[in-house]
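*Asks:* Before anything else, here's the structure in question.
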Amino acid sequence: MKIRKAVIPAAGFGTRFLPVTKSQPKEMIPVVDKPVIQYVVEEAVNSGITDILLIIGRGKRAIEEYFDRSWELEKALEEKGKIEQLNQLRAITNLANIHFVWQKELNGLGHAITHARTFVGNEPFAVLLGDTLLESDNEPVTMQLIKQYNKKKRSIVALENVPPELVHRYGIIDGIEEGEGLFKAKNFIEKPRAEEAPSTMAVASRYVFTPSIFDMLDNTPVGLNGEIQLTDAMRMLLLQEEIYGFCFEGTRYDIGNKLNFIKTNLIYGLKNQEIGPELKKWLENFLGK
Ligand code: G1P
């Protein structure tokens with residue numbers, strides 16, 4: 001079955017980025033001139049996704065408004081003949097069929113995904129975490145995962161090799177390498193201590209699941225940090241179906257924390273046609289090169 005649906009959880013508080021996230025969703029934080037969530041939606045669309053469910057919560061209305069049409073603004077731009085900006089605004093609303101659901105209590109990533117059950121139905125689907133950009137030279141990372149899914153017809157997660165001192169921040173796979181970047185999972189552990197981690201291969205913000213994950217989530221007990229962990233549901237799924245991991249081609253930018261946000265803006269800014277050359281000159285000068 002062709003994968004055409006994606007789920008983007010975007011309900012979290014964004015505590016790593018307070019105080020800005022007190023009234024501003026972390027997914028709306030800009031990278032150069034677009035909010036992070038737009039890059040994530042574009043990755044899904046460029047991977048063949050037509051329907052996207054955004055899981056939002058309190059204080060996330062800015063995300064809804066961003067994907068809605070802004071008639072007054074469009075009219076004003078039209079009257080002033082600012083056609084380029086007008087087309088840019090309209091393109092945002094036409095990216096995909098965007099649906100919303102509210103996660104009323106924040107009980108973890110696994111709990112968020114349970115809200116997608118009616119939207120997804122009985123189809124395989126992609127999950128893209130709403131605060132992380134994945135940049136690739138060729139195919140979008142979600143498309144890379146979908147291609148691997150089409151070969152195996154089993155759930156598959158994006159993997160990234162991280163330094164041992166950072167394994168405690170991620171879901172970590174214990175897997176058997178099958179070649180060409182593919183791993184067959186034996187186990188997944190959520191945020192292990194370095195000495196307990198079975199590997200340094202981290203689950204990196206993109207997933208494709210068979211719909212069986214929902215039955216697992218319904219039976220997943222509260223786990224780490226008092227939350228329903230997606231990683232625990234994946235471990236349960238492993239008892240019934242194989243799950244694979246895939247080392248994607250590309251680079252991950254997690255903008256949910258201050259340092260990475262600044263770095264990501266510099267990297268994207270330097271690559272930007274409009275501001276890149278000037279930014280580079282200024283930076284070199286500023287750093288005394
Ligand atoms: C979540 C997942 C974790 C995964 C990570 C990727 O953690 O629970 O398994 O490795 O995303 O970014 P979070 O970053 O929400 O704490």
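Residue numbers start at 1 in each chain; chains themselves are named A, B, ... in the order of the structure tokens; ligands are numbered from 1 in the order shown.
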Neighbours of ligand 1 at 6 Å or closer, counting only C-alpha atoms and all ligand atoms: which residues, as a VMD selection string?

*Replies:* chain A and resid 170 to 171 190 202 to 205 231

*Asks:* Please produce a file of those selected residues containing all heavy atoms, as a JSON list (two decimals), in the first residue's frame.

*Replies:*
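The new file out.json reads:
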[["chain", "number", "residue", "atom", "x", "y", "z"],
["A", 170, "TYR", "N", 18.44, 9.74, 23.53],
["A", 170, "TYR", "CA", 17.72, 9.15, 22.39],
["A", 170, "TYR", "C", 17.19, 7.75, 22.69],
["A", 170, "TYR", "O", 17.61, 7.10, 23.63],
["A", 170, "TYR", "CB", 18.67, 9.02, 21.18],
["A", 170, "TYR", "CG", 19.20, 10.34, 20.72],
["A", 170, "TYR", "CD1", 20.48, 10.76, 21.10],
["A", 170, "TYR", "CD2", 18.43, 11.18, 19.93],
["A", 170, "TYR", "CE1", 20.98, 11.99, 20.69],
["A", 170, "TYR", "CE2", 18.92, 12.40, 19.51],
["A", 170, "TYR", "CZ", 20.20, 12.81, 19.88],
["A", 170, "TYR", "OH", 20.67, 14.01, 19.47],
["A", 171, "GLY", "N", 16.29, 7.30, 21.79],
["A", 171, "GLY", "CA", 15.95, 5.89, 21.72],
["A", 171, "GLY", "C", 17.10, 5.20, 21.00],
["A", 171, "GLY", "O", 17.57, 5.71, 19.98],
["A", 190, "GLU", "N", 14.79, 3.27, 25.45],
["A", 190, "GLU", "CA", 14.63, 4.73, 25.48],
["A", 190, "GLU", "C", 15.63, 5.35, 26.45],
["A", 190, "GLU", "O", 15.67, 5.01, 27.63],
["A", 190, "GLU", "CB", 13.18, 5.08, 25.88],
["A", 190, "GLU", "CG", 12.87, 6.57, 25.92],
["A", 190, "GLU", "CD", 12.92, 7.28, 24.56],
["A", 190, "GLU", "OE1", 13.05, 6.61, 23.52],
["A", 190, "GLU", "OE2", 12.83, 8.51, 24.55],
["A", 202, "ALA", "N", 21.16, 5.89, 17.21],
["A", 202, "ALA", "CA", 19.98, 6.54, 17.81],
["A", 202, "ALA", "C", 18.83, 6.64, 16.81],
["A", 202, "ALA", "O", 19.05, 6.84, 15.61],
["A", 202, "ALA", "CB", 20.36, 7.94, 18.26],
["A", 203, "VAL", "N", 17.62, 6.52, 17.34],
["A", 203, "VAL", "CA", 16.41, 6.72, 16.54],
["A", 203, "VAL", "C", 16.29, 8.22, 16.29],
["A", 203, "VAL", "O", 16.24, 9.02, 17.23],
["A", 203, "VAL", "CB", 15.18, 6.18, 17.29],
["A", 203, "VAL", "CG1", 13.90, 6.47, 16.51],
["A", 203, "VAL", "CG2", 15.33, 4.68, 17.55],
["A", 204, "ALA", "N", 16.26, 8.59, 14.99],
["A", 204, "ALA", "CA", 16.49, 10.00, 14.65],
["A", 204, "ALA", "C", 15.27, 10.72, 14.05],
["A", 204, "ALA", "O", 15.31, 11.21, 12.93],
["A", 204, "ALA", "CB", 17.68, 10.09, 13.69],
["A", 205, "SER", "N", 14.17, 10.75, 14.80],
["A", 205, "SER", "CA", 13.05, 11.66, 14.50],
["A", 205, "SER", "C", 12.18, 11.36, 13.29],
["A", 205, "SER", "O", 11.29, 12.14, 12.97],
["A", 205, "SER", "CB", 13.55, 13.11, 14.31],
["A", 205, "SER", "OG", 14.42, 13.46, 15.32],
["A", 231, "THR", "N", 9.05, 4.29, 22.08],
["A", 231, "THR", "CA", 10.09, 3.26, 22.06],
["A", 231, "THR", "C", 9.60, 1.97, 22.75],
["A", 231, "THR", "O", 9.90, 0.87, 22.29],
["A", 231, "THR", "CB", 11.35, 3.80, 22.76],
["A", 231, "THR", "OG1", 11.72, 5.00, 22.10],
["A", 231, "THR", "CG2", 12.50, 2.84, 22.70]]

*Asks:* Skipping near chain neighbours, those fewer than 3 positions away, what residues fall within 6 Å of Ala185 in chain A using only C-alpha atoms, listed as a PDB file with N, CA, C and O atoms, in the first residue's frame?

*Replies:*
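Below is the file result_35.pdb, written as the result:
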ATOM      1  N   ASP A 174      19.179  -1.906  19.398  1.00  0.00           N
ATOM      2  CA  ASP A 174      20.076  -3.051  19.460  1.00  0.00           C
ATOM      3  C   ASP A 174      19.717  -3.845  18.209  1.00  0.00           C
ATOM      4  O   ASP A 174      18.592  -4.350  18.097  1.00  0.00           O
ATOM      5  N   GLY A 175      20.623  -3.870  17.235  1.00  0.00           N
ATOM      6  CA  GLY A 175      20.225  -4.477  15.964  1.00  0.00           C
ATOM      7  C   GLY A 175      21.338  -5.247  15.284  1.00  0.00           C
ATOM      8  O   GLY A 175      22.496  -5.175  15.686  1.00  0.00           O
ATOM      9  N   ILE A 243      11.073  -5.059  12.933  1.00  0.00           N
ATOM     10  CA  ILE A 243      11.236  -3.618  12.724  1.00  0.00           C
ATOM     11  C   ILE A 243      12.670  -3.412  12.226  1.00  0.00           C
ATOM     12  O   ILE A 243      13.596  -4.097  12.687  1.00  0.00           O
ATOM     13  N   TYR A 244      12.835  -2.483  11.308  1.00  0.00           N
ATOM     14  CA  TYR A 244      14.161  -2.208  10.766  1.00  0.00           C
ATOM     15  C   TYR A 244      14.611  -0.795  11.121  1.00  0.00           C
ATOM     16  O   TYR A 244      13.796   0.071  11.461  1.00  0.00           O
TER      17      TYR A 244
END

*Asks:* Just to confirm, what's the straight-line distance from CA of Val41 in chain A to CA of Leu53 in chain A in Å (one decimal)?

*Replies:*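 CA of Leu53 in chain A lies at a distance of 10.0 Å from CA of Val41 in chain A.
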
*Asks:* Residues of range 18-108 of chain A in helix (DSSP H, G or I) according to DSSP, as a ChimeraX atom specification?

*Replies:* /A:20-22,26-28,36-45,61-67,71-79,83-93

*Asks:* Produce a table with one row for each residue of range 123-233 of chain A that has an atom at most 7 Å from any atom of range 253-267 of chain A, each row naming the nearest atom pair and its distance in Å at one decimal; use only C-alpha atoms; arrange rows by chain and rising residue number; format as a tab-separated table.

*Replies:*
residue	atom	partner	partner_atom	distance
A:Asp131	CA	A:Gly256	CA	5.9
A:Thr132	CA	A:Asp254	CA	4.4
A:Leu133	CA	A:Tyr253	CA	5.0
A:Leu134	CA	A:Tyr253	CA	6.2

*Asks:* As an exercise, work out the distance from CA of Tyr207 in chain A to CA of Asn272 in chain A in Å and give it to one decimal place.

*Replies:* 28.5 Å

*Asks:* Report the residues of range 18-92 of chain A whose backbone DSSP state falls under strand (DSSP E or B), written as JSON, numbers by chain.

*Replies:* {"A": [30, 31, 34, 35, 51, 52, 53, 54, 55, 56]}

*Asks:* Go ahead and dump the residues you just picked, all heavy atoms, as a PDB file, in the first residue's frame.

*Replies:*
ATOM      1  N   PRO A  30      11.799  30.290  13.776  1.00  0.00           N
ATOM      2  CA  PRO A  30      12.267  30.351  12.388  1.00  0.00           C
ATOM      3  C   PRO A  30      13.672  29.820  12.166  1.00  0.00           C
ATOM      4  O   PRO A  30      14.552  29.951  13.015  1.00  0.00           O
ATOM      5  CB  PRO A  30      12.230  31.852  12.078  1.00  0.00           C
ATOM      6  CG  PRO A  30      12.382  32.518  13.386  1.00  0.00           C
ATOM      7  CD  PRO A  30      11.820  31.596  14.438  1.00  0.00           C
ATOM      8  N   VAL A  31      13.855  29.226  11.015  1.00  0.00           N
ATOM      9  CA  VAL A  31      15.189  28.941  10.495  1.00  0.00           C
ATOM     10  C   VAL A  31      15.267  29.786   9.228  1.00  0.00           C
ATOM     11  O   VAL A  31      14.544  29.533   8.259  1.00  0.00           O
ATOM     12  CB  VAL A  31      15.380  27.439  10.223  1.00  0.00           C
ATOM     13  CG1 VAL A  31      16.703  27.198   9.506  1.00  0.00           C
ATOM     14  CG2 VAL A  31      15.331  26.665  11.538  1.00  0.00           C
ATOM     15  N   LYS A  34      11.595  30.693   7.470  1.00  0.00           N
ATOM     16  CA  LYS A  34      10.447  29.781   7.562  1.00  0.00           C
ATOM     17  C   LYS A  34      10.454  29.106   8.923  1.00  0.00           C
ATOM     18  O   LYS A  34      11.516  28.775   9.447  1.00  0.00           O
ATOM     19  CB  LYS A  34      10.562  28.686   6.492  1.00  0.00           C
ATOM     20  CG  LYS A  34      10.351  29.169   5.074  1.00  0.00           C
ATOM     21  CD  LYS A  34      10.154  28.007   4.117  1.00  0.00           C
ATOM     22  CE  LYS A  34      11.428  27.245   3.857  1.00  0.00           C
ATOM     23  NZ  LYS A  34      11.337  26.292   2.759  1.00  0.00           N
ATOM     24  N   PRO A  35       9.265  28.855   9.492  1.00  0.00           N
ATOM     25  CA  PRO A  35       9.262  28.123  10.756  1.00  0.00           C
ATOM     26  C   PRO A  35       9.650  26.666  10.524  1.00  0.00           C
ATOM     27  O   PRO A  35       9.406  26.112   9.438  1.00  0.00           O
ATOM     28  CB  PRO A  35       7.808  28.233  11.217  1.00  0.00           C
ATOM     29  CG  PRO A  35       7.013  28.513  10.000  1.00  0.00           C
ATOM     30  CD  PRO A  35       7.917  29.226   9.041  1.00  0.00           C
ATOM     31  N   ASP A  51      -1.524  13.672   2.898  1.00  0.00           N
ATOM     32  CA  ASP A  51      -2.359  14.007   4.058  1.00  0.00           C
ATOM     33  C   ASP A  51      -1.513  14.012   5.324  1.00  0.00           C
ATOM     34  O   ASP A  51      -0.837  13.012   5.612  1.00  0.00           O
ATOM     35  CB  ASP A  51      -3.511  13.017   4.214  1.00  0.00           C
ATOM     36  CG  ASP A  51      -4.622  13.366   3.243  1.00  0.00           C
ATOM     37  OD1 ASP A  51      -4.455  13.073   2.037  1.00  0.00           O
ATOM     38  OD2 ASP A  51      -5.626  13.957   3.688  1.00  0.00           O
ATOM     39  N   ILE A  52      -1.600  15.101   6.062  1.00  0.00           N
ATOM     40  CA  ILE A  52      -0.740  15.251   7.241  1.00  0.00           C
ATOM     41  C   ILE A  52      -1.596  15.576   8.460  1.00  0.00           C
ATOM     42  O   ILE A  52      -2.440  16.480   8.401  1.00  0.00           O
ATOM     43  CB  ILE A  52       0.280  16.391   7.008  1.00  0.00           C
ATOM     44  CG1 ILE A  52       1.196  16.016   5.831  1.00  0.00           C
ATOM     45  CG2 ILE A  52       1.090  16.667   8.267  1.00  0.00           C
ATOM     46  CD1 ILE A  52       2.140  17.107   5.402  1.00  0.00           C
ATOM     47  N   LEU A  53      -1.375  14.841   9.515  1.00  0.00           N
ATOM     48  CA  LEU A  53      -2.056  15.149  10.779  1.00  0.00           C
ATOM     49  C   LEU A  53      -1.057  15.801  11.726  1.00  0.00           C
ATOM     50  O   LEU A  53      -0.007  15.213  12.038  1.00  0.00           O
ATOM     51  CB  LEU A  53      -2.595  13.869  11.430  1.00  0.00           C
ATOM     52  CG  LEU A  53      -3.280  14.094  12.780  1.00  0.00           C
ATOM     53  CD1 LEU A  53      -4.632  14.789  12.593  1.00  0.00           C
ATOM     54  CD2 LEU A  53      -3.484  12.775  13.530  1.00  0.00           C
ATOM     55  N   LEU A  54      -1.388  17.009  12.152  1.00  0.00           N
ATOM     56  CA  LEU A  54      -0.535  17.680  13.139  1.00  0.00           C
ATOM     57  C   LEU A  54      -1.166  17.498  14.509  1.00  0.00           C
ATOM     58  O   LEU A  54      -2.341  17.850  14.703  1.00  0.00           O
ATOM     59  CB  LEU A  54      -0.436  19.167  12.808  1.00  0.00           C
ATOM     60  CG  LEU A  54       0.434  19.507  11.591  1.00  0.00           C
ATOM     61  CD1 LEU A  54       0.229  20.943  11.164  1.00  0.00           C
ATOM     62  CD2 LEU A  54       1.886  19.298  11.935  1.00  0.00           C
ATOM     63  N   ILE A  55      -0.420  16.929  15.419  1.00  0.00           N
ATOM     64  CA  ILE A  55      -0.928  16.736  16.780  1.00  0.00           C
ATOM     65  C   ILE A  55      -0.460  17.921  17.602  1.00  0.00           C
ATOM     66  O   ILE A  55       0.746  18.104  17.814  1.00  0.00           O
ATOM     67  CB  ILE A  55      -0.415  15.407  17.370  1.00  0.00           C
ATOM     68  CG1 ILE A  55      -0.848  14.265  16.460  1.00  0.00           C
ATOM     69  CG2 ILE A  55      -0.935  15.208  18.796  1.00  0.00           C
ATOM     70  CD1 ILE A  55      -0.217  12.940  16.799  1.00  0.00           C
ATOM     71  N   ILE A  56      -1.425  18.744  17.990  1.00  0.00           N
ATOM     72  CA  ILE A  56      -1.055  19.968  18.700  1.00  0.00           C
ATOM     73  C   ILE A  56      -1.701  19.984  20.087  1.00  0.00           C
ATOM     74  O   ILE A  56      -2.484  19.100  20.424  1.00  0.00           O
ATOM     75  CB  ILE A  56      -1.447  21.237  17.895  1.00  0.00           C
ATOM     76  CG1 ILE A  56      -2.948  21.237  17.589  1.00  0.00           C
ATOM     77  CG2 ILE A  56      -0.653  21.332  16.612  1.00  0.00           C
ATOM     78  CD1 ILE A  56      -3.431  22.521  16.956  1.00  0.00           C
TER      79      ILE A  56
END

*Asks:* List the neighbours of Leu128 in chain A out to 8 Å using only C-alpha atoms; skip same-chain residues closer than 3 positions along the sequence, and give me the result as a list in words.

*Replies:*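 Here the answer would be Ala6, Val7, Ile8, Pro9, Val40, Ala44, Thr142, Ser205, Arg206 and Tyr207 of chain A.
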
*Asks:* For Asn225 in chain A, please output as a list in words all residues within 12 Å (counting only C-alpha atoms; exclusion window: fewer than 6 positions along the same chain).

*Replies:* Leu106, Asn107, Gly108, Leu109, Glu190 and Lys191 of chain A

*Asks:* For the selection you just gave me, I'd like the residues written to a file as a CSV table (one decimal), in the first residue's frame, keeping C-alpha atoms.

*Replies:*
chain,number,residue,atom,x,y,z
A,106,LEU,CA,0.8,15.7,27.6
A,107,ASN,CA,1.7,12.1,28.4
A,108,GLY,CA,4.6,11.5,26.0
A,109,LEU,CA,5.3,10.8,22.4
A,190,GLU,CA,14.6,4.7,25.5
A,191,LYS,CA,17.4,7.1,26.7

*Asks:* Enter the distance from CA of Gln103 in chain A to CA of Arg58 in chain A, in Å, rounded to one decimal.

*Replies:* 8.3 Å

*Asks:* Quick one: of A:Ser23, A:Asn46, A:Asn122, A:Thr200, who's nearest to His168 in chain A, counting only C-alpha atoms?

*Replies:*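 Checking each of A:Ser23, A:Asn46, A:Asn122, A:Thr200 against His168 in chain A, counting only C-alpha atoms, the winner is A:Thr200.
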
*Asks:* Taking into account only C-alpha atoms, which residue in the set A:Ala76, A:Ile92, A:Leu86, A:Ala11 is nearest to Val45 in chain A?

*Replies:* A:Ile92

*Asks:* If we count only C-alpha atoms, what is near Ala91 in chain A at a cut-off of 12 Å, once residues fewer than 2 positions away on the same chain are taken out, given as a short mmCIF file (atom, residue, chain, number, x, y, z; two decimals) with all heavy atoms, in the first residue's frame?

*Replies:*
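Writing the result to part.cif gives the following:
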data_model
loop_
_atom_site.label_atom_id
_atom_site.label_comp_id
_atom_site.auth_asym_id
_atom_site.auth_seq_id
_atom_site.Cartn_x
_atom_site.Cartn_y
_atom_site.Cartn_z
N GLN A 38 7.38 24.17 8.83
CA GLN A 38 7.19 24.19 7.38
C GLN A 38 8.22 23.29 6.67
O GLN A 38 7.88 22.59 5.72
CB GLN A 38 7.26 25.62 6.82
CG GLN A 38 6.93 25.62 5.32
CD GLN A 38 6.81 26.99 4.72
OE1 GLN A 38 6.64 27.98 5.43
NE2 GLN A 38 6.90 27.07 3.40
N GLU A 42 7.23 20.18 4.40
CA GLU A 42 7.76 20.09 3.03
C GLU A 42 8.50 18.77 2.81
O GLU A 42 8.40 18.18 1.74
CB GLU A 42 8.70 21.28 2.75
CG GLU A 42 7.93 22.56 2.50
CD GLU A 42 8.80 23.82 2.41
OE1 GLU A 42 10.02 23.74 2.70
OE2 GLU A 42 8.25 24.87 2.08
N TYR A 66 -0.90 29.34 10.86
CA TYR A 66 0.13 29.38 9.81
C TYR A 66 -0.31 28.64 8.56
O TYR A 66 -0.03 29.06 7.44
CB TYR A 66 1.45 28.79 10.36
CG TYR A 66 2.60 29.05 9.42
CD1 TYR A 66 3.18 30.30 9.33
CD2 TYR A 66 3.09 28.04 8.60
CE1 TYR A 66 4.22 30.56 8.46
CE2 TYR A 66 4.13 28.28 7.72
CZ TYR A 66 4.70 29.54 7.65
OH TYR A 66 5.72 29.79 6.78
N PHE A 67 -1.01 27.52 8.75
CA PHE A 67 -1.42 26.72 7.60
C PHE A 67 -2.81 27.09 7.08
O PHE A 67 -3.27 26.54 6.10
CB PHE A 67 -1.31 25.22 7.93
CG PHE A 67 0.11 24.77 8.05
CD1 PHE A 67 0.68 24.55 9.30
CD2 PHE A 67 0.89 24.60 6.92
CE1 PHE A 67 2.01 24.16 9.41
CE2 PHE A 67 2.23 24.22 7.02
CZ PHE A 67 2.78 24.00 8.27
N ASP A 68 -3.46 28.04 7.75
CA ASP A 68 -4.75 28.53 7.29
C ASP A 68 -4.50 29.68 6.31
O ASP A 68 -3.42 30.25 6.27
CB ASP A 68 -5.54 29.03 8.52
CG ASP A 68 -6.99 29.33 8.17
OD1 ASP A 68 -7.43 29.01 7.04
OD2 ASP A 68 -7.68 29.90 9.04
N ARG A 69 -5.55 30.03 5.54
CA ARG A 69 -5.39 31.19 4.65
C ARG A 69 -5.57 32.47 5.45
O ARG A 69 -6.32 32.52 6.41
CB ARG A 69 -6.42 31.15 3.54
CG ARG A 69 -6.00 30.16 2.47
CD ARG A 69 -6.84 30.30 1.24
NE ARG A 69 -6.45 31.44 0.42
CZ ARG A 69 -6.87 31.62 -0.82
NH1 ARG A 69 -7.69 30.74 -1.37
NH2 ARG A 69 -6.49 32.67 -1.52
N SER A 70 -4.85 33.51 5.03
CA SER A 70 -4.97 34.80 5.69
C SER A 70 -5.53 35.78 4.65
O SER A 70 -4.79 36.41 3.90
CB SER A 70 -3.60 35.25 6.19
OG SER A 70 -3.69 36.54 6.69
N GLU A 74 -3.61 38.53 2.32
CA GLU A 74 -3.53 38.26 0.88
C GLU A 74 -4.08 39.45 0.09
O GLU A 74 -3.50 39.86 -0.91
CB GLU A 74 -4.31 36.99 0.53
CG GLU A 74 -3.56 35.73 0.92
CD GLU A 74 -4.28 34.45 0.52
OE1 GLU A 74 -5.08 34.47 -0.44
OE2 GLU A 74 -4.03 33.42 1.17
N GLU A 84 4.92 38.19 -5.53
CA GLU A 84 5.82 37.11 -5.10
C GLU A 84 5.49 36.65 -3.68
O GLU A 84 5.35 35.46 -3.40
CB GLU A 84 7.27 37.60 -5.16
CG GLU A 84 8.27 36.46 -5.23
CD GLU A 84 9.70 37.00 -5.22
OE1 GLU A 84 9.95 38.00 -5.92
OE2 GLU A 84 10.53 36.43 -4.49
N GLN A 85 5.31 37.64 -2.80
CA GLN A 85 4.97 37.31 -1.40
C GLN A 85 3.60 36.65 -1.31
O GLN A 85 3.39 35.73 -0.53
CB GLN A 85 4.99 38.57 -0.55
CG GLN A 85 6.39 38.96 -0.14
CD GLN A 85 6.41 40.33 0.48
OE1 GLN A 85 5.81 41.27 -0.05
NE2 GLN A 85 7.11 40.45 1.59
N LEU A 86 2.68 37.13 -2.14
CA LEU A 86 1.33 36.58 -2.16
C LEU A 86 1.38 35.09 -2.54
O LEU A 86 0.77 34.24 -1.88
CB LEU A 86 0.49 37.36 -3.18
CG LEU A 86 -0.95 36.93 -3.37
CD1 LEU A 86 -1.75 37.20 -2.10
CD2 LEU A 86 -1.60 37.69 -4.53
N ASN A 87 2.13 34.79 -3.60
CA ASN A 87 2.22 33.39 -4.04
C ASN A 87 2.88 32.52 -2.97
O ASN A 87 2.50 31.37 -2.77
CB ASN A 87 3.02 33.30 -5.35
CG ASN A 87 2.22 33.91 -6.49
OD1 ASN A 87 0.99 34.05 -6.39
ND2 ASN A 87 2.91 34.30 -7.55
N GLN A 88 3.86 33.11 -2.29
CA GLN A 88 4.55 32.39 -1.23
C GLN A 88 3.56 32.00 -0.11
O GLN A 88 3.54 30.87 0.35
CB GLN A 88 5.62 33.32 -0.66
CG GLN A 88 6.83 32.63 -0.14
CD GLN A 88 7.83 33.67 0.34
OE1 GLN A 88 7.49 34.82 0.64
NE2 GLN A 88 9.08 33.26 0.42
N LEU A 89 2.71 32.96 0.25
CA LEU A 89 1.71 32.70 1.31
C LEU A 89 0.72 31.64 0.88
O LEU A 89 0.38 30.74 1.65
CB LEU A 89 0.94 33.98 1.64
CG LEU A 89 1.59 35.05 2.46
CD1 LEU A 89 0.54 35.98 3.04
CD2 LEU A 89 2.41 34.47 3.60
N THR A 93 -0.51 27.22 2.25
CA THR A 93 -1.80 26.57 2.53
C THR A 93 -2.09 25.44 1.56
O THR A 93 -2.93 24.59 1.82
CB THR A 93 -2.96 27.59 2.46
OG1 THR A 93 -2.71 28.46 1.37
CG2 THR A 93 -3.07 28.39 3.72
N ASN A 94 -1.40 25.44 0.40
CA ASN A 94 -1.69 24.41 -0.60
C ASN A 94 -0.71 23.24 -0.56
O ASN A 94 -0.72 22.39 -1.43
CB ASN A 94 -1.65 25.03 -2.00
CG ASN A 94 -2.80 26.01 -2.18
OD1 ASN A 94 -3.85 25.85 -1.56
ND2 ASN A 94 -2.60 27.03 -2.99
N LEU A 95 0.15 23.23 0.47
CA LEU A 95 1.19 22.19 0.51
C LEU A 95 0.60 20.77 0.55
O LEU A 95 1.08 19.87 -0.12
CB LEU A 95 2.06 22.38 1.76
CG LEU A 95 3.19 23.39 1.65
CD1 LEU A 95 3.80 23.65 3.02
CD2 LEU A 95 4.27 22.89 0.69
N ALA A 96 -0.44 20.58 1.35
CA ALA A 96 -1.02 19.25 1.55
C ALA A 96 -2.37 19.41 2.22
O ALA A 96 -2.75 20.53 2.60
CB ALA A 96 -0.09 18.41 2.44
#

*Asks:* Could you check the closest approach to Glu123 in chain A for each of A:Met216, A:Ile29, A:Val208, A:Leu287 and tell me which residue wins, using only C-alpha atoms?

*Replies:*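 With only C-alpha atoms as the atom set, the closest residue is A:Val208.
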
*Asks:* Write out as a list of chain:residue names each polymer residue whose atoms come within 10 Å of Lys147 in chain A, counting only C-alpha atoms; drop sequence neighbours fewer than 6 positions from it.

*Replies:*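 In the requested form, the answer reads A:Ile3, A:Ser47, A:Val141, A:Lys153.
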